[in-house]
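The file start_0.txt comes next; it holds compact mmCIF, C-alpha atoms.
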# COMPACT_ATOMS: atom_id res chain seq x y z
CA MET A 1 106.90 74.87 92.56
CA PRO A 2 108.25 73.59 95.93
CA ALA A 3 108.06 77.03 97.55
CA SER A 4 104.27 77.12 97.24
CA SER A 5 103.61 73.72 98.80
CA ASN A 6 106.03 74.37 101.64
CA PHE A 7 104.64 77.83 102.37
CA GLN A 8 100.98 76.78 102.20
CA GLN A 9 101.68 73.93 104.61
CA ALA A 10 103.19 76.40 107.06
CA ILE A 11 100.11 78.62 106.78
CA ARG A 12 97.74 75.72 107.43
CA GLU A 13 99.66 74.65 110.51
CA ALA A 14 100.04 78.15 111.97
CA GLN A 15 96.41 78.48 113.06
CA SER A 16 96.89 79.66 116.64
CA SER A 17 99.06 82.14 118.47
CA ALA A 18 100.69 79.40 120.57
CA LEU A 19 104.44 79.20 120.03
CA VAL A 20 105.50 75.67 119.17
CA GLY A 21 109.18 76.52 118.80
CA PRO A 22 110.06 79.85 120.44
CA ASN A 23 113.75 79.50 119.51
CA VAL A 24 113.39 77.95 116.05
CA VAL A 25 113.96 81.21 114.12
CA ASN A 26 117.27 81.96 115.83
CA LYS A 27 118.39 78.37 115.30
CA ALA A 28 117.39 78.41 111.64
CA LEU A 29 118.96 81.71 110.56
CA PRO A 30 122.62 80.51 110.38
CA TYR A 31 121.53 77.69 108.07
CA VAL A 32 119.57 80.07 105.88
CA GLY A 33 122.73 82.16 105.52
CA GLY A 34 124.83 79.08 104.86
CA GLY A 35 122.37 77.97 102.18
CA MET A 36 122.67 81.35 100.48
CA VAL A 37 126.48 81.10 100.44
CA LEU A 38 126.30 77.63 98.87
CA THR A 39 123.78 78.92 96.34
CA ALA A 40 126.17 81.70 95.35
CA ALA A 41 128.90 79.08 94.91
CA GLY A 42 126.57 77.04 92.71
CA VAL A 43 125.80 80.11 90.57
CA LEU A 44 129.51 80.78 90.07
CA GLY A 45 130.06 77.15 89.15
CA GLY A 46 127.26 77.28 86.58
CA LEU A 47 128.54 80.52 85.07
CA SER A 48 132.04 79.07 84.84
CA LEU A 49 130.70 75.98 83.07
CA MET A 50 128.73 78.12 80.61
CA ALA A 51 131.87 80.07 79.77
CA ALA A 52 134.06 76.96 79.44
CA ASN A 53 131.64 74.49 77.82
CA ALA A 54 128.25 75.94 76.89
CA ALA A 55 127.16 72.74 75.12
CA LEU A 56 127.51 70.75 78.33
CA PHE A 57 125.63 73.24 80.48
CA MET A 58 122.05 72.63 79.23
CA PRO A 59 122.04 68.83 79.67
CA LEU A 60 123.44 69.23 83.18
CA PHE A 61 120.93 72.01 83.88
CA TRP A 62 117.94 69.75 83.16
CA VAL A 63 119.40 66.90 85.19
CA ALA A 64 120.05 69.30 88.08
CA LEU A 65 116.58 70.84 87.84
CA ILE A 66 114.76 67.50 87.98
CA GLY A 67 117.06 66.17 90.68
CA ASN A 68 116.57 69.31 92.72
CA PHE A 69 112.79 68.89 92.84
CA ILE A 70 113.23 65.35 94.13
CA LEU A 71 115.92 66.42 96.59
CA PHE A 72 113.69 69.19 97.95
CA PHE A 73 110.88 66.84 98.95
CA VAL A 74 113.32 64.32 100.45
CA ALA A 75 115.08 67.04 102.47
CA GLN A 76 111.78 68.55 103.59
CA ASN A 77 110.44 65.19 104.76
CA VAL A 78 113.61 64.37 106.71
CA ALA A 79 113.83 67.86 108.22
CA ASN A 80 110.18 67.78 109.32
CA LYS A 81 110.99 64.66 111.34
CA GLY A 82 113.71 66.56 113.18
CA ASP A 83 116.46 64.29 111.80
CA ASN A 84 118.88 67.18 111.40
CA ALA A 85 122.00 65.04 111.00
CA THR A 86 120.55 63.58 107.79
CA ALA A 87 118.75 66.75 106.67
CA LEU A 88 121.81 69.01 106.83
CA PRO A 89 123.83 67.44 103.97
CA LEU A 90 120.62 67.14 101.93
CA MET A 91 119.88 70.83 102.42
CA ALA A 92 123.49 71.74 101.60
CA ALA A 93 123.32 69.75 98.36
CA TYR A 94 119.95 71.28 97.53
CA SER A 95 121.30 74.82 98.05
CA LEU A 96 124.36 74.16 95.89
CA ILE A 97 122.35 72.62 93.05
CA THR A 98 119.78 75.42 93.27
CA GLY A 99 122.59 77.87 92.62
CA PHE A 100 123.63 75.90 89.55
CA THR A 101 120.06 76.02 88.18
CA LEU A 102 119.93 79.79 88.81
CA SER A 103 123.12 80.48 86.85
CA GLY A 104 121.12 80.69 83.62
CA ILE A 105 118.90 83.57 84.73
CA VAL A 106 121.83 85.26 86.46
CA GLY A 107 123.89 85.03 83.27
CA TYR A 108 120.98 86.38 81.23
CA ALA A 109 120.51 89.25 83.71
CA VAL A 110 124.18 90.20 83.42
CA ALA A 111 123.98 90.13 79.61
CA SER A 112 120.71 92.07 79.36
CA ALA A 113 120.86 94.46 82.31
CA GLY A 114 124.46 94.41 83.53
CA ILE A 115 126.15 93.00 86.62
CA GLY A 116 124.54 95.76 88.67
CA ALA A 117 121.16 94.05 88.23
CA VAL A 118 122.39 91.04 90.17
CA GLY A 119 123.87 93.26 92.87
CA THR A 120 120.65 95.27 93.12
CA ALA A 121 118.55 92.11 93.45
CA ALA A 122 120.87 90.72 96.12
CA LEU A 123 120.89 94.02 98.03
CA ALA A 124 117.10 94.36 97.88
CA THR A 125 116.72 90.78 99.13
CA GLY A 126 119.09 91.47 102.01
CA ILE A 127 117.29 94.67 103.00
CA THR A 128 113.96 92.83 102.94
CA PHE A 129 115.43 90.17 105.23
CA VAL A 130 116.63 92.74 107.76
CA VAL A 131 113.31 94.62 107.81
CA ALA A 132 111.24 91.42 107.91
CA SER A 133 113.32 89.98 110.75
CA VAL A 134 112.37 92.97 112.89
CA MET A 135 108.78 93.60 111.81
CA GLY A 136 107.75 89.99 111.22
CA ARG A 137 108.49 88.95 114.79
CA ARG A 138 106.32 91.80 116.11
CA MET A 139 103.21 91.14 114.04
CA SER A 140 100.02 90.62 115.99
CA ASP A 141 98.04 87.42 115.48
CA ASN A 142 95.34 89.26 113.53
CA VAL A 143 97.84 90.82 111.14
CA GLY A 144 100.00 87.70 110.89
CA GLN A 145 97.13 85.34 110.12
CA ALA A 146 95.49 87.77 107.69
CA LEU A 147 98.76 88.34 105.82
CA SER A 148 99.40 84.59 105.79
CA GLY A 149 96.04 84.01 104.12
CA VAL A 150 96.61 86.73 101.53
CA VAL A 151 100.09 85.44 100.67
CA GLY A 152 98.84 81.87 100.45
CA LEU A 153 96.15 82.84 97.95
CA GLY A 154 98.65 85.01 96.10
CA ILE A 155 101.06 82.11 95.67
CA LEU A 156 98.26 80.01 94.21
CA GLY A 157 97.46 82.81 91.75
CA LEU A 158 101.14 83.19 90.89
CA VAL A 159 101.49 79.48 90.13
CA ILE A 160 98.46 79.65 87.82
CA ALA A 161 99.82 82.75 86.06
CA MET A 162 103.22 81.13 85.55
CA PHE A 163 101.56 78.00 84.18
CA VAL A 164 99.65 80.16 81.71
CA GLN A 165 102.91 81.89 80.79
CA ILE A 166 104.67 78.58 80.14
CA ILE A 167 101.83 77.29 77.94
CA GLY A 168 101.43 80.64 76.20
CA SER A 169 105.14 80.88 75.44
CA PHE A 170 104.82 77.93 73.04
CA PHE A 171 102.23 79.76 70.95
CA ALA A 172 103.10 83.44 71.36
CA PRO A 173 106.53 83.81 73.00
CA GLY A 174 106.71 87.51 72.26
CA MET A 175 103.49 88.13 74.19
CA PHE A 176 104.04 85.89 77.21
CA THR A 177 107.80 85.95 77.87
CA THR A 178 108.47 89.66 77.40
CA GLY A 179 106.60 92.93 77.70
CA GLY A 180 103.62 93.59 79.92
CA PHE A 181 102.79 90.00 80.88
CA GLU A 182 106.28 89.24 82.14
CA LEU A 183 106.45 92.61 83.90
CA ALA A 184 103.15 91.89 85.66
CA ILE A 185 104.26 88.45 86.83
CA ALA A 186 107.67 89.72 87.96
CA GLY A 187 106.13 92.65 89.84
CA PHE A 188 103.42 90.51 91.45
CA GLY A 189 105.94 87.84 92.44
CA THR A 190 108.23 90.43 94.00
CA VAL A 191 105.44 91.95 96.12
CA LEU A 192 104.18 88.50 97.05
CA PHE A 193 107.51 87.20 98.31
CA VAL A 194 108.20 90.42 100.19
CA GLY A 195 104.99 89.63 102.06
CA ALA A 196 106.07 86.00 102.46
CA ALA A 197 109.36 87.18 103.99
CA PHE A 198 107.42 88.94 106.75
CA VAL A 199 105.05 86.02 107.23
CA ASP A 200 107.93 83.55 107.64
CA PHE A 201 109.03 85.18 110.88
CA TYR A 202 105.46 84.95 112.16
CA THR A 203 104.63 81.39 111.08
CA MET A 204 107.90 79.61 111.84
CA PRO A 205 107.69 79.61 115.66
CA ARG A 206 104.02 78.61 115.38
CA THR A 207 104.70 75.80 112.91
CA TYR A 208 108.02 74.17 113.77
CA ARG A 209 109.40 72.82 117.04
CA ASP A 210 112.83 73.96 118.10
CA ASP A 211 114.33 70.67 116.88
CA GLN A 212 112.80 71.25 113.42
CA TYR A 213 114.98 74.28 112.75
CA LEU A 214 116.26 72.89 109.45
CA ALA A 215 112.70 72.48 108.18
CA GLY A 216 112.10 76.13 109.05
CA ALA A 217 115.41 77.14 107.48
CA LEU A 218 114.48 75.36 104.24
CA GLY A 219 111.17 77.20 104.03
CA MET A 220 112.76 80.59 104.73
CA TYR A 221 115.58 79.87 102.28
CA LEU A 222 113.01 79.22 99.53
CA THR A 223 111.24 82.48 100.29
CA TYR A 224 114.39 84.55 99.81
CA ILE A 225 115.57 82.61 96.77
CA ASN A 226 112.21 83.22 95.12
CA LEU A 227 112.31 86.89 96.14
CA PHE A 228 115.76 87.25 94.55
CA ILE A 229 114.56 85.55 91.36
CA PHE A 230 111.49 87.76 90.99
CA ILE A 231 113.40 90.96 91.71
CA LEU A 232 115.89 89.91 89.04
CA ARG A 233 113.06 89.14 86.60
CA LEU A 234 111.52 92.52 87.38
CA ILE A 235 114.78 94.32 86.63
CA ILE A 236 115.17 92.41 83.37
CA ALA A 237 111.55 93.18 82.39
CA LEU A 238 112.04 96.87 83.15
CA GLN A 239 115.11 96.81 80.91
CA GLY A 240 112.92 95.45 78.13
CA GLY A 241 114.17 91.88 78.43
CA GLY A 242 116.44 92.36 75.44
CA GLY A 243 119.94 93.54 74.86
CA ARG A 244 121.71 95.61 77.44
CA ARG A 245 121.01 99.32 77.33
CA ASP A 246 124.04 101.48 77.87

Can the structure in the file be given as structure tokens, please?
Amino acid sequence: MPASSNFQQAIREAQSSALVGPNVVNKALPYVGGGMVLTAAGVLGGLSLMAANAALFMPLFWVALIGNFILFFVAQNVANKGDNATALPLMAAYSLITGFTLSGIVGYAVASAGIGAVGTAALATGITFVVASVMGRRMSDNVGQALSGVVGLGILGLVIAMFVQIIGSFFAPGMFTTGGFELAIAGFGTVLFVGAAFVDFYTMPRTYRDDQYLAGALGMYLTYINLFIFILRLIIALQGGGGRRD
């Protein structure tokens, strides 16, 4: 899960209150927004492909998913070096392909909970961003470092829980992919990434130099993509994870 490794690295590096890049957040935000727009385009492309040729979608989904993991680490490495000219097209491609890989869960959410579920998840993610952008910048070092530690441990726990869910789904899919277990993971993930959204605004200027704004943008982008996913999973779980209820 790229989000966990990226976020934990940021926590480890943000050990002091000294600002490494005082302007990095403002520089990164336009690229976070641009990444979200490309992701939305990728989702629409995936949904269109599912409607036109469902048999072709799954093979392309797996290719995109594997390629996206590789692309993430390449983009992160280049962005951390401050080579923004090379990192920008890599991040753009990563955002677009991420949207394609998310089209499955978005399509399932529309079918099981209605189009309003997607709108609600997007709205909740946007509201979190606005609140976090104000409150996260004002956090004291004590609060910021404590919250960073809690979120870091929480992400580790979430990864373990999701691994258990994946393994368990092979043996008892009804128990691990729906019902209380899925609701617990979706709820925990939502709370966790809300906290991560606040922490991002604290850790970024203490982790990245101003010329590493794309590295910071990539980390923040992942936080909000994961938040959107877990809110969507939570809505689906609350709807029972089955057919749409009218």

**Q.** A:Gly136, A:Gly34, A:Gly119, A:Gly216 ranked by distance to Pro89 of chain A, top pick (using all atoms listed in the file)
**A.** A:Gly34

Q. For Val199 of chain A, which residue out of A:Asn80, A:Gln239, A:Ser140, A:Ser169 is the nearest one, using only C-alpha atoms?
A.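 Between A:Asn80, A:Gln239, A:Ser140, A:Ser169, the residue approaching Val199 of chain A most closely is A:Ser140.
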
(Q) Need to verify the contact set: Arg233 of chain A, 10 Å, all atoms listed in the file, exclusion of same-chain residues closer than 4 positions in sequence. Can you return it as a PyMOL selection string? (A) chain A and resi 105-106+108-109+117+121+182-183+185-187+189-190+227-229+237-239+241

Q) A:Ile167, A:Leu96, A:Leu218, A:Ile160: which is nearest Val43 of chain A, counting all atoms listed in the file? A)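 Residue with the minimum atom-to-atom distance to Val43 of chain A: A:Leu96.
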
**Q.** Point-to-point distance in Å for atom CA of Ala28 of chain A and atom CA of Ala217 of chain A
**A.**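 That distance, rounded to one decimal, is 4.8 Å.
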
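Here atom CA of Leu156 of chain A is placed at a distance of 25.1 Å from atom CA of Ala122 of chain A.
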
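Residues surrounding segment 142-149 of chain A within 7 Å are Ile11, Met139, Gly152, Leu153, Val199 and Tyr202 of chain A [all atoms listed in the file; sequence separation below 3 positions excluded].
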
Q: Take the point (106.4, 72.5, 117.0) as written in the file and pick out every residue within 7 Å of it, counting all atoms listed in the file; give the list as a list in words.
A: Val20, Gly21, Arg206, Thr207, Tyr208, Arg209 and Asp210 of chain A

Dump C-alpha atoms for the selected residues as a compact mmCIF listing (two decimals), in the coordinates of the input?
# COMPACT_ATOMS: atom_id res chain seq x y z
CA VAL A 20 105.50 75.67 119.17
CA GLY A 21 109.18 76.52 118.80
CA ARG A 206 104.02 78.61 115.38
CA THR A 207 104.70 75.80 112.91
CA TYR A 208 108.02 74.17 113.77
CA ARG A 209 109.40 72.82 117.04
CA ASP A 210 112.83 73.96 118.10

Q: Excluding Leu192 of chain A and residues on its chain fewer than 4 positions from it, collect all residues at most 9 Å away from it, counting all atoms listed in the file, and give them as a ChimeraX atom specification.
A: /A:150-151,154-155,158,187-188,196-197,227

Output C-alpha atoms of each residue in that selection to a file, as a PDB file, keeping the file's coordinate frame.
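Written output follows (again38.pdb):
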ATOM      1  CA  VAL A 150      96.610  86.730 101.530  1.00  0.00           C
ATOM      2  CA  VAL A 151     100.090  85.440 100.670  1.00  0.00           C
ATOM      3  CA  GLY A 154      98.650  85.010  96.100  1.00  0.00           C
ATOM      4  CA  ILE A 155     101.060  82.110  95.670  1.00  0.00           C
ATOM      5  CA  LEU A 158     101.140  83.190  90.890  1.00  0.00           C
ATOM      6  CA  GLY A 187     106.130  92.650  89.840  1.00  0.00           C
ATOM      7  CA  PHE A 188     103.420  90.510  91.450  1.00  0.00           C
ATOM      8  CA  ALA A 196     106.070  86.000 102.460  1.00  0.00           C
ATOM      9  CA  ALA A 197     109.360  87.180 103.990  1.00  0.00           C
ATOM     10  CA  LEU A 227     112.310  86.890  96.140  1.00  0.00           C
TER      11      LEU A 227
END

Q. In terms of the shortest atom-to-atom distance over all atoms listed in the file, which of A:Ala79, A:Val194, A:Leu71, A:Ile166 is closest to Gly219 of chain A?
A. A:Ala79

Q: Do a neighbour search on Val164 of chain A at 12 Å with all atoms listed in the file, toss out local chain neighbours closer than 6 positions, and write the hits as an MDAnalysis selection string.
A: chainID A and resid 157:158 170:173 175:177 181:182 185

Which residues of segment 72-155 of chain A come within 10 Å of segment 53-60 of chain A, and what is each one's closest atom pair and distance in Å (one decimal), counting all atoms listed in the file, sorted by chain and residue number, as JSON lines?
{"residue": "A:Phe100", "atom": "CA", "partner": "A:Leu60", "partner_atom": "CA", "distance": 9.2}
{"residue": "A:Thr101", "atom": "CA", "partner": "A:Leu60", "partner_atom": "CA", "distance": 9.1}
{"residue": "A:Ser103", "atom": "CA", "partner": "A:Phe57", "partner_atom": "CA", "distance": 10.0}
{"residue": "A:Gly104", "atom": "CA", "partner": "A:Met58", "partner_atom": "CA", "distance": 9.2}

Q. With distances taken over only C-alpha atoms, which of A:Thr223, A:Thr203, A:Thr178, A:Asn77 is nearest to Ile236 of chain A?
A. A:Thr178

Q: Using only C-alpha atoms, pick whichever of A:Ala40, A:Ile66, A:Val191, A:Ala215 has the shortest atom-to-atom distance to Thr128 of chain A.
A: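 That would be A:Val191, the residue with the smallest distance to Thr128 of chain A.
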
Step by step, gather every atom of segment 186-191 of chain A that the file lists, find the box along x, y and z that holds them, add 6 Å on each side, and finally give centre and edge lengths in Å to one decimal, as JSON.
{"center_x": 105.8, "center_y": 90.2, "center_z": 92.0, "size_x": 16.8, "size_y": 16.8, "size_z": 20.2}

Q. So which residues touch Pro30 of chain A within 12 Å, counting only C-alpha atoms, skipping near sequence neighbours fewer than 3 positions away, as an NGL selection string?
A. :A and (24-27 or 33-37 or 213-214 or 216-218 or 220-221)

(Q) Report, in Å to a single decimal, how far apart atom CA of Ala64 of chain A and atom CA of Ala85 of chain A are. (A) 23.4 Å
